[in-house]
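Okay, structure first, notes after.
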Amino acid sequence: MDTTPASLPWWRTAVIYQVYPRSFADSNGDGIGDLAGVRDRLPYLRELSVDAIWLSPFFTSPMVDGGYDVADYRGVDPMFGTLDDFDALVRDAHAAGLRIIVDIVPNHSSSAHPWFVSALASAPGSAERDRYIFRPGRDGEPPNNWQSIFGGPAWTQVPDGSWYLHLFDPTQPDLNWENPQVRGEFSDILRFWLDRGVDGFRVDVAHGMAKAPGLPDITRHRTGMLDTTAVPYLDQDDVHDIYREWRKILDSYPGDRMAVAEAWVPNPVRMARYVRPDELHQAFNFDYLTAPWSAPALHRAIDESIAAVAAVGAPPTWVLGNHDTVRPATRYGGLDRARAGALLMLALPGSAYVYQGEELGLPEVTDLPEEVLQDPVFRRSGGTVRGRDGCRVPMPWTGAEPPYGFCVSSSAPSWLPAPAGWASLSVAAQSGTAGSTLELYRSALRLRRSLPGTALTWLPAPADDVLVFAREPDFVCVANLGPAAVPLPAHREILLTSAPLAADGALPPDTTAWLSTSGHPEHRP
Ligand code: NOJ
Ligand code: CA
């Protein structure tokens, strides 16, 4: 029984599954995942019991940064298929009860975007240049000391001596959001995809776009994407005006269209500013994602995020990983912890994100050969930072050999090699296998739909490294992050555990249990 009030918009409690299209399923055997591959696998996602699919970029792109370098915001890159394939995917997804969220990349375009091509061909001070951030240098040096988030200076010089800003790769020039044409174009792009039926947007670098007036030098550098040090080119107040405009566009469409901010900001209070009632609907909870496997740290992250979003009337969101971060099975230090962490996260009230492969317990691939690494971070750091390819390895679907059914034909190698030893992690190997991570996720996602309440109440824990909370009236989650088994709190029924209980019924280390205090939730009156 779904106890969520029917009047709540879907995204307040949704589980949103992130598809990284390049690595999900390859329908034509060229070694690269594509939209038709996603469409083929809709039954899998439906059976997993997720509510929506967020598609990382599939737009026309030179793919220097995995498609976060967009050359045509309204076009599908031939590598991924066609606009017809996209429309068919939306149609089939909707028919299967799944919503579709697309990625919008407004902070920067690709340097192959016609706007940037014409900016380079035009004179300093021209209208074409004004869509980007061109400045004269300082005595042959860049206009200021900002650093690219991928390493190296954030400015590149063009032949006439001017410099342009790129917070990421030099092939990702920052757009000038003070230019009305830029604003108007993105409003149109939103409408273009809304008209095609998308249910929402994931906003890339949502804390970008607005830069402090005068582009002042910084005193402290950010060390990478996950660093949240305050800097004059991120999380500026003016960015919120953009979201107020966008909210009006989203609200002008029927059917609870939504947007989620990707904003690496210093704390949950700054994060909550993106989800004020007239701005975006959700923001990724990176504070939770980056919390270590520690009961006090997760307890704090949970409390602070719930309090911050409650203050503005937004639901909390939870996330354990994405295409930029080390997979939880590796980051938390083992599959047991990833499984316990998944049950902990999925028990929290609000909305949750699952990154493809988490439901299989995939580890980070740490030994990809250097010659296959594609992340621009690897090159720009002079090879000192390996980058994010290790969480982008193609999904294993079936079979004994790489790429494990990822490609329709096994002759083509996948764009990143899948490691030996993943046969037992494949979807086919885990489907129907008692105790597999996939079956754990399937059970958890199904049960999650009927968990009561939209708030949590902390209960006394048997030890400092154990988290126990209730969702009233009759659900209790207990996560043991410590080294010793602990007794379960009072309950009527064990709904699900991330690992078998000890012989005496105790909850082992690195294990989470879902309990009912009144019997199975589906049997409640
Ligand atoms: C965040 C995206 O998730 C990441 O993959 C990308 O490199 C940067 N934004 C730049 O667009
Ligand atoms: Ca393909």
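A note on labels: chains of the structure tokens are A, B, ... as shown, every chain counts residues from 1, and ligands are counted from 1 in their shown order.
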Q | Contacts of Leu250 (chain A) within 9 Å, only C-alpha atoms, excl. fewer than 5 positions in-chain, as a list in words | A |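 So, after excluding close chain neighbours, the residues are Leu190, Arg191, Leu194, Gly200, Asp256, Arg257, Met258 and Ala259 of chain A.
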Q.
10 Å from ligand 1 is the threshold here; counting only C-alpha atoms and all ligand atoms, which polymer residues fall inside it? Answer as a PyMOL selection string.
A. chain A and resi 56-57+64-70+103-110+149-150+167-169+172+202-206+208+225-226+262-264+322-325+375-377+388
**Q.** At most 12 Å from ligand 2 (only C-alpha atoms and all ligand atoms): residue list as a PyMOL selection string
**A.** chain A and resi 21-38+58+77-82+394+406-409+412-415
**Q.** Those in region 129-185 of chain A with strand (DSSP E) from DSSP, as a ChimeraX atom specification
**A.** /A:134-135,155-157,163-165
For the residues selected in the previous step, produce a file with all heavy atoms as a PDB file, in the first residue's frame.
ATOM      1  N   PHE A 134      35.329  36.622 -22.910  1.00  0.00           N
ATOM      2  CA  PHE A 134      36.642  36.999 -23.444  1.00  0.00           C
ATOM      3  C   PHE A 134      37.147  38.219 -22.677  1.00  0.00           C
ATOM      4  O   PHE A 134      36.373  39.131 -22.377  1.00  0.00           O
ATOM      5  CB  PHE A 134      36.540  37.359 -24.932  1.00  0.00           C
ATOM      6  CG  PHE A 134      36.489  36.155 -25.842  1.00  0.00           C
ATOM      7  CD1 PHE A 134      35.275  35.527 -26.125  1.00  0.00           C
ATOM      8  CD2 PHE A 134      37.647  35.659 -26.432  1.00  0.00           C
ATOM      9  CE1 PHE A 134      35.217  34.424 -26.972  1.00  0.00           C
ATOM     10  CE2 PHE A 134      37.598  34.557 -27.292  1.00  0.00           C
ATOM     11  CZ  PHE A 134      36.382  33.937 -27.561  1.00  0.00           C
ATOM     12  N   ARG A 135      38.429  38.259 -22.372  1.00  0.00           N
ATOM     13  CA  ARG A 135      39.025  39.415 -21.697  1.00  0.00           C
ATOM     14  C   ARG A 135      40.448  39.620 -22.236  1.00  0.00           C
ATOM     15  O   ARG A 135      41.090  38.645 -22.644  1.00  0.00           O
ATOM     16  CB  ARG A 135      39.142  39.176 -20.181  1.00  0.00           C
ATOM     17  CG  ARG A 135      37.828  39.127 -19.419  1.00  0.00           C
ATOM     18  CD  ARG A 135      37.178  40.507 -19.276  1.00  0.00           C
ATOM     19  NE  ARG A 135      35.975  40.442 -18.468  1.00  0.00           N
ATOM     20  CZ  ARG A 135      34.767  40.041 -18.891  1.00  0.00           C
ATOM     21  NH1 ARG A 135      34.607  39.685 -20.153  1.00  0.00           N
ATOM     22  NH2 ARG A 135      33.740  40.014 -18.079  1.00  0.00           N
ATOM     23  N   TRP A 155      41.996  29.996 -18.298  1.00  0.00           N
ATOM     24  CA  TRP A 155      41.956  30.885 -19.460  1.00  0.00           C
ATOM     25  C   TRP A 155      42.827  30.324 -20.572  1.00  0.00           C
ATOM     26  O   TRP A 155      43.902  29.786 -20.310  1.00  0.00           O
ATOM     27  CB  TRP A 155      42.487  32.271 -19.091  1.00  0.00           C
ATOM     28  CG  TRP A 155      41.685  32.977 -18.053  1.00  0.00           C
ATOM     29  CD1 TRP A 155      41.867  32.911 -16.702  1.00  0.00           C
ATOM     30  CD2 TRP A 155      40.577  33.873 -18.277  1.00  0.00           C
ATOM     31  NE1 TRP A 155      40.944  33.714 -16.065  1.00  0.00           N
ATOM     32  CE2 TRP A 155      40.141  34.311 -17.008  1.00  0.00           C
ATOM     33  CE3 TRP A 155      39.915  34.342 -19.414  1.00  0.00           C
ATOM     34  CZ2 TRP A 155      39.074  35.201 -16.845  1.00  0.00           C
ATOM     35  CZ3 TRP A 155      38.867  35.223 -19.256  1.00  0.00           C
ATOM     36  CH2 TRP A 155      38.441  35.650 -17.979  1.00  0.00           C
ATOM     37  N   THR A 156      42.366  30.498 -21.800  1.00  0.00           N
ATOM     38  CA  THR A 156      43.170  30.119 -22.962  1.00  0.00           C
ATOM     39  C   THR A 156      43.223  31.323 -23.897  1.00  0.00           C
ATOM     40  O   THR A 156      42.218  32.019 -24.093  1.00  0.00           O
ATOM     41  CB  THR A 156      42.576  28.874 -23.650  1.00  0.00           C
ATOM     42  OG1 THR A 156      42.786  27.753 -22.782  1.00  0.00           O
ATOM     43  CG2 THR A 156      43.239  28.594 -25.000  1.00  0.00           C
ATOM     44  N   GLN A 157      44.422  31.556 -24.454  1.00  0.00           N
ATOM     45  CA  GLN A 157      44.629  32.717 -25.311  1.00  0.00           C
ATOM     46  C   GLN A 157      44.315  32.358 -26.765  1.00  0.00           C
ATOM     47  O   GLN A 157      44.600  31.249 -27.208  1.00  0.00           O
ATOM     48  CB  GLN A 157      46.086  33.180 -25.208  1.00  0.00           C
ATOM     49  CG  GLN A 157      46.311  34.574 -25.735  1.00  0.00           C
ATOM     50  CD  GLN A 157      47.678  35.112 -25.353  1.00  0.00           C
ATOM     51  OE1 GLN A 157      48.613  34.338 -25.141  1.00  0.00           O
ATOM     52  NE2 GLN A 157      47.790  36.427 -25.285  1.00  0.00           N
ATOM     53  N   TRP A 163      41.872  36.430 -24.226  1.00  0.00           N
ATOM     54  CA  TRP A 163      41.759  35.152 -23.500  1.00  0.00           C
ATOM     55  C   TRP A 163      40.282  34.832 -23.291  1.00  0.00           C
ATOM     56  O   TRP A 163      39.475  35.753 -23.124  1.00  0.00           O
ATOM     57  CB  TRP A 163      42.415  35.267 -22.128  1.00  0.00           C
ATOM     58  CG  TRP A 163      43.872  35.613 -22.152  1.00  0.00           C
ATOM     59  CD1 TRP A 163      44.414  36.841 -22.455  1.00  0.00           C
ATOM     60  CD2 TRP A 163      44.966  34.742 -21.865  1.00  0.00           C
ATOM     61  NE1 TRP A 163      45.775  36.786 -22.369  1.00  0.00           N
ATOM     62  CE2 TRP A 163      46.151  35.511 -22.003  1.00  0.00           C
ATOM     63  CE3 TRP A 163      45.070  33.401 -21.498  1.00  0.00           C
ATOM     64  CZ2 TRP A 163      47.415  34.965 -21.787  1.00  0.00           C
ATOM     65  CZ3 TRP A 163      46.327  32.869 -21.275  1.00  0.00           C
ATOM     66  CH2 TRP A 163      47.492  33.642 -21.427  1.00  0.00           C
ATOM     67  N   TYR A 164      39.934  33.545 -23.287  1.00  0.00           N
ATOM     68  CA  TYR A 164      38.556  33.180 -22.923  1.00  0.00           C
ATOM     69  C   TYR A 164      38.572  32.251 -21.710  1.00  0.00           C
ATOM     70  O   TYR A 164      39.514  31.487 -21.493  1.00  0.00           O
ATOM     71  CB  TYR A 164      37.793  32.550 -24.098  1.00  0.00           C
ATOM     72  CG  TYR A 164      38.285  31.178 -24.508  1.00  0.00           C
ATOM     73  CD1 TYR A 164      37.780  30.012 -23.917  1.00  0.00           C
ATOM     74  CD2 TYR A 164      39.247  31.041 -25.503  1.00  0.00           C
ATOM     75  CE1 TYR A 164      38.228  28.759 -24.296  1.00  0.00           C
ATOM     76  CE2 TYR A 164      39.706  29.780 -25.880  1.00  0.00           C
ATOM     77  CZ  TYR A 164      39.197  28.648 -25.270  1.00  0.00           C
ATOM     78  OH  TYR A 164      39.654  27.409 -25.633  1.00  0.00           O
ATOM     79  N   LEU A 165      37.492  32.371 -20.948  1.00  0.00           N
ATOM     80  CA  LEU A 165      37.371  31.627 -19.692  1.00  0.00           C
ATOM     81  C   LEU A 165      36.796  30.234 -19.929  1.00  0.00           C
ATOM     82  O   LEU A 165      35.832  30.076 -20.682  1.00  0.00           O
ATOM     83  CB  LEU A 165      36.441  32.389 -18.734  1.00  0.00           C
ATOM     84  CG  LEU A 165      36.171  31.720 -17.378  1.00  0.00           C
ATOM     85  CD1 LEU A 165      37.426  31.714 -16.505  1.00  0.00           C
ATOM     86  CD2 LEU A 165      35.026  32.420 -16.648  1.00  0.00           C
TER      87      LEU A 165
END
Q | Exercise: Arg386 (chain A) partners within 9 Å, only C-alpha atoms, chain neighbours under 5 positions left out, as a list in words | A | Thr366, Glu370, Leu373, Asp375, Val377, Phe378, Arg379 and Ser381 of chain A
Produce a table with one row for each residue of region 480-521 of chain A that has an atom at most 8 Å from any atom of region 455-469 of chain A, each row naming the nearest atom pair and its distance in Å at one decimal; use only C-alpha atoms; arrange rows by chain and rising residue number; format as CSV.
residue,atom,partner,partner_atom,distance
A:Asn480,CA,A:Val466,CA,4.5
A:Leu481,CA,A:Asp465,CA,5.4
A:Gly482,CA,A:Asp465,CA,4.9
A:Val486,CA,A:Pro462,CA,6.8
A:Pro487,CA,A:Pro462,CA,7.5
Q: With a distance cut-off of 10 Å and only C-alpha atoms, select the neighbouring residues of region 7-16 of chain A, excluding the residue or stretch itself and same-chain residues fewer than 6 positions from it, and output the selection as number ranges by chain.
A: A: 49-54, 98-101, 199-200, 255-260, 281-282, 314-319, 346, 348-355, 445, 448-449, 454
Q | Within 7 Å of Thr512 (chain A) using only C-alpha atoms, minus same-chain residues under 2 positions, as a list in words | A |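 Selected residues are Ala340, Leu343, Leu344, Val478, Ala479, Asn480, Thr497, Ser498, Asp510 and Trp514 of chain A.
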Q) Leaving out Gly505 (chain A) and any residue of its chain fewer than 5 positions from it, which residues lie within 12 Å of it when counting only C-alpha atoms, given as a PyMOL selection string? A) chain A and resi 485-490+494+497+499-500+513
Pull all heavy atoms from the residues just selected and write them as a PDB file, in the first residue's frame.
ATOM      1  N   ALA A 485      28.809  -7.148  16.331  1.00  0.00           N
ATOM      2  CA  ALA A 485      27.372  -7.393  16.121  1.00  0.00           C
ATOM      3  C   ALA A 485      26.580  -6.746  17.261  1.00  0.00           C
ATOM      4  O   ALA A 485      27.071  -6.623  18.382  1.00  0.00           O
ATOM      5  CB  ALA A 485      27.115  -8.892  16.077  1.00  0.00           C
ATOM      6  N   VAL A 486      25.356  -6.298  16.925  1.00  0.00           N
ATOM      7  CA  VAL A 486      24.508  -5.666  17.958  1.00  0.00           C
ATOM      8  C   VAL A 486      23.114  -6.298  17.886  1.00  0.00           C
ATOM      9  O   VAL A 486      22.683  -6.762  16.821  1.00  0.00           O
ATOM     10  CB  VAL A 486      24.392  -4.128  17.756  1.00  0.00           C
ATOM     11  CG1 VAL A 486      25.734  -3.451  17.979  1.00  0.00           C
ATOM     12  CG2 VAL A 486      23.817  -3.787  16.400  1.00  0.00           C
ATOM     13  N   PRO A 487      22.401  -6.301  19.023  1.00  0.00           N
ATOM     14  CA  PRO A 487      21.035  -6.843  18.978  1.00  0.00           C
ATOM     15  C   PRO A 487      20.115  -5.936  18.169  1.00  0.00           C
ATOM     16  O   PRO A 487      20.300  -4.714  18.145  1.00  0.00           O
ATOM     17  CB  PRO A 487      20.609  -6.864  20.453  1.00  0.00           C
ATOM     18  CG  PRO A 487      21.550  -5.945  21.159  1.00  0.00           C
ATOM     19  CD  PRO A 487      22.808  -5.862  20.359  1.00  0.00           C
ATOM     20  N   LEU A 488      19.120  -6.529  17.515  1.00  0.00           N
ATOM     21  CA  LEU A 488      18.125  -5.723  16.784  1.00  0.00           C
ATOM     22  C   LEU A 488      17.192  -5.048  17.776  1.00  0.00           C
ATOM     23  O   LEU A 488      16.876  -5.623  18.819  1.00  0.00           O
ATOM     24  CB  LEU A 488      17.304  -6.628  15.859  1.00  0.00           C
ATOM     25  CG  LEU A 488      17.986  -7.144  14.597  1.00  0.00           C
ATOM     26  CD1 LEU A 488      17.020  -8.065  13.836  1.00  0.00           C
ATOM     27  CD2 LEU A 488      18.438  -6.000  13.704  1.00  0.00           C
ATOM     28  N   PRO A 489      16.723  -3.855  17.461  1.00  0.00           N
ATOM     29  CA  PRO A 489      15.693  -3.250  18.313  1.00  0.00           C
ATOM     30  C   PRO A 489      14.382  -4.040  18.204  1.00  0.00           C
ATOM     31  O   PRO A 489      14.230  -4.893  17.324  1.00  0.00           O
ATOM     32  CB  PRO A 489      15.539  -1.832  17.741  1.00  0.00           C
ATOM     33  CG  PRO A 489      16.172  -1.848  16.401  1.00  0.00           C
ATOM     34  CD  PRO A 489      17.106  -3.013  16.320  1.00  0.00           C
ATOM     35  N   ALA A 490      13.447  -3.724  19.094  1.00  0.00           N
ATOM     36  CA  ALA A 490      12.164  -4.435  19.121  1.00  0.00           C
ATOM     37  C   ALA A 490      11.468  -4.348  17.762  1.00  0.00           C
ATOM     38  O   ALA A 490      11.491  -3.295  17.117  1.00  0.00           O
ATOM     39  CB  ALA A 490      11.263  -3.820  20.193  1.00  0.00           C
ATOM     40  N   ILE A 494      11.068  -8.870  10.294  1.00  0.00           N
ATOM     41  CA  ILE A 494      12.257  -8.388   9.575  1.00  0.00           C
ATOM     42  C   ILE A 494      11.870  -8.300   8.103  1.00  0.00           C
ATOM     43  O   ILE A 494      11.510  -9.301   7.483  1.00  0.00           O
ATOM     44  CB  ILE A 494      13.433  -9.357   9.777  1.00  0.00           C
ATOM     45  CG1 ILE A 494      13.821  -9.389  11.259  1.00  0.00           C
ATOM     46  CG2 ILE A 494      14.623  -8.942   8.910  1.00  0.00           C
ATOM     47  CD1 ILE A 494      14.755 -10.511  11.630  1.00  0.00           C
ATOM     48  N   THR A 497      17.290  -7.487   5.039  1.00  0.00           N
ATOM     49  CA  THR A 497      18.610  -7.191   5.621  1.00  0.00           C
ATOM     50  C   THR A 497      19.634  -7.189   4.498  1.00  0.00           C
ATOM     51  O   THR A 497      19.468  -7.890   3.497  1.00  0.00           O
ATOM     52  CB  THR A 497      19.022  -8.232   6.686  1.00  0.00           C
ATOM     53  OG1 THR A 497      19.094  -9.525   6.067  1.00  0.00           O
ATOM     54  CG2 THR A 497      18.037  -8.286   7.847  1.00  0.00           C
ATOM     55  N   ALA A 499      22.631  -8.276   4.739  1.00  0.00           N
ATOM     56  CA  ALA A 499      23.434  -9.501   4.859  1.00  0.00           C
ATOM     57  C   ALA A 499      22.707 -10.393   5.863  1.00  0.00           C
ATOM     58  O   ALA A 499      21.884  -9.897   6.639  1.00  0.00           O
ATOM     59  CB  ALA A 499      24.836  -9.155   5.370  1.00  0.00           C
ATOM     60  N   PRO A 500      22.994 -11.700   5.857  1.00  0.00           N
ATOM     61  CA  PRO A 500      22.304 -12.577   6.823  1.00  0.00           C
ATOM     62  C   PRO A 500      22.603 -12.161   8.263  1.00  0.00           C
ATOM     63  O   PRO A 500      23.696 -11.692   8.566  1.00  0.00           O
ATOM     64  CB  PRO A 500      22.897 -13.963   6.522  1.00  0.00           C
ATOM     65  CG  PRO A 500      23.474 -13.861   5.149  1.00  0.00           C
ATOM     66  CD  PRO A 500      23.903 -12.430   4.971  1.00  0.00           C
ATOM     67  N   ALA A 513      19.361  -3.408   8.568  1.00  0.00           N
ATOM     68  CA  ALA A 513      18.100  -4.165   8.569  1.00  0.00           C
ATOM     69  C   ALA A 513      16.923  -3.200   8.499  1.00  0.00           C
ATOM     70  O   ALA A 513      16.962  -2.114   9.078  1.00  0.00           O
ATOM     71  CB  ALA A 513      18.000  -5.021   9.823  1.00  0.00           C
TER      72      ALA A 513
END
Q. With distances taken over only C-alpha atoms, which of A:Ala71, A:Leu425, A:Ala311, A:Ala95 is nearest to Pro363 (chain A)?
A.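 Smallest separation from Pro363 (chain A) among the options: A:Leu425.
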Q: Pick out the closest residue to Pro142 (chain A) from this set: A:Glu185, A:Asp174, A:Glu359, A:Asp217. Count only C-alpha atoms.
A: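 Going through A:Glu185, A:Asp174, A:Glu359, A:Asp217 one by one, the smallest distance to Pro142 (chain A) is for A:Asp217.
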Q: Would you mind reading off the distance between CA of Ala434 (chain A) and CA of Pro509 (chain A), one decimal, in Å?
A: 20.4 Å
**Q.** Residue neighbourhood Tyr441 (chain A), 8 Å, only C-alpha atoms, exclusion window fewer than 3 positions, as a ChimeraX atom specification
**A.** /A:48,342,359,437-438,444-445
Q.
One number please: CA of Ala291 (chain A) to CA of Arg220 (chain A), in Å, one decimal.
A.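 So the answer is 22.8 Å.
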Q: Point out the residue among A:Leu451, A:Met209, A:Leu289, A:Ala88 with the least atom-to-atom distance to Trp177 (chain A), counting only C-alpha atoms.
A: A:Met209
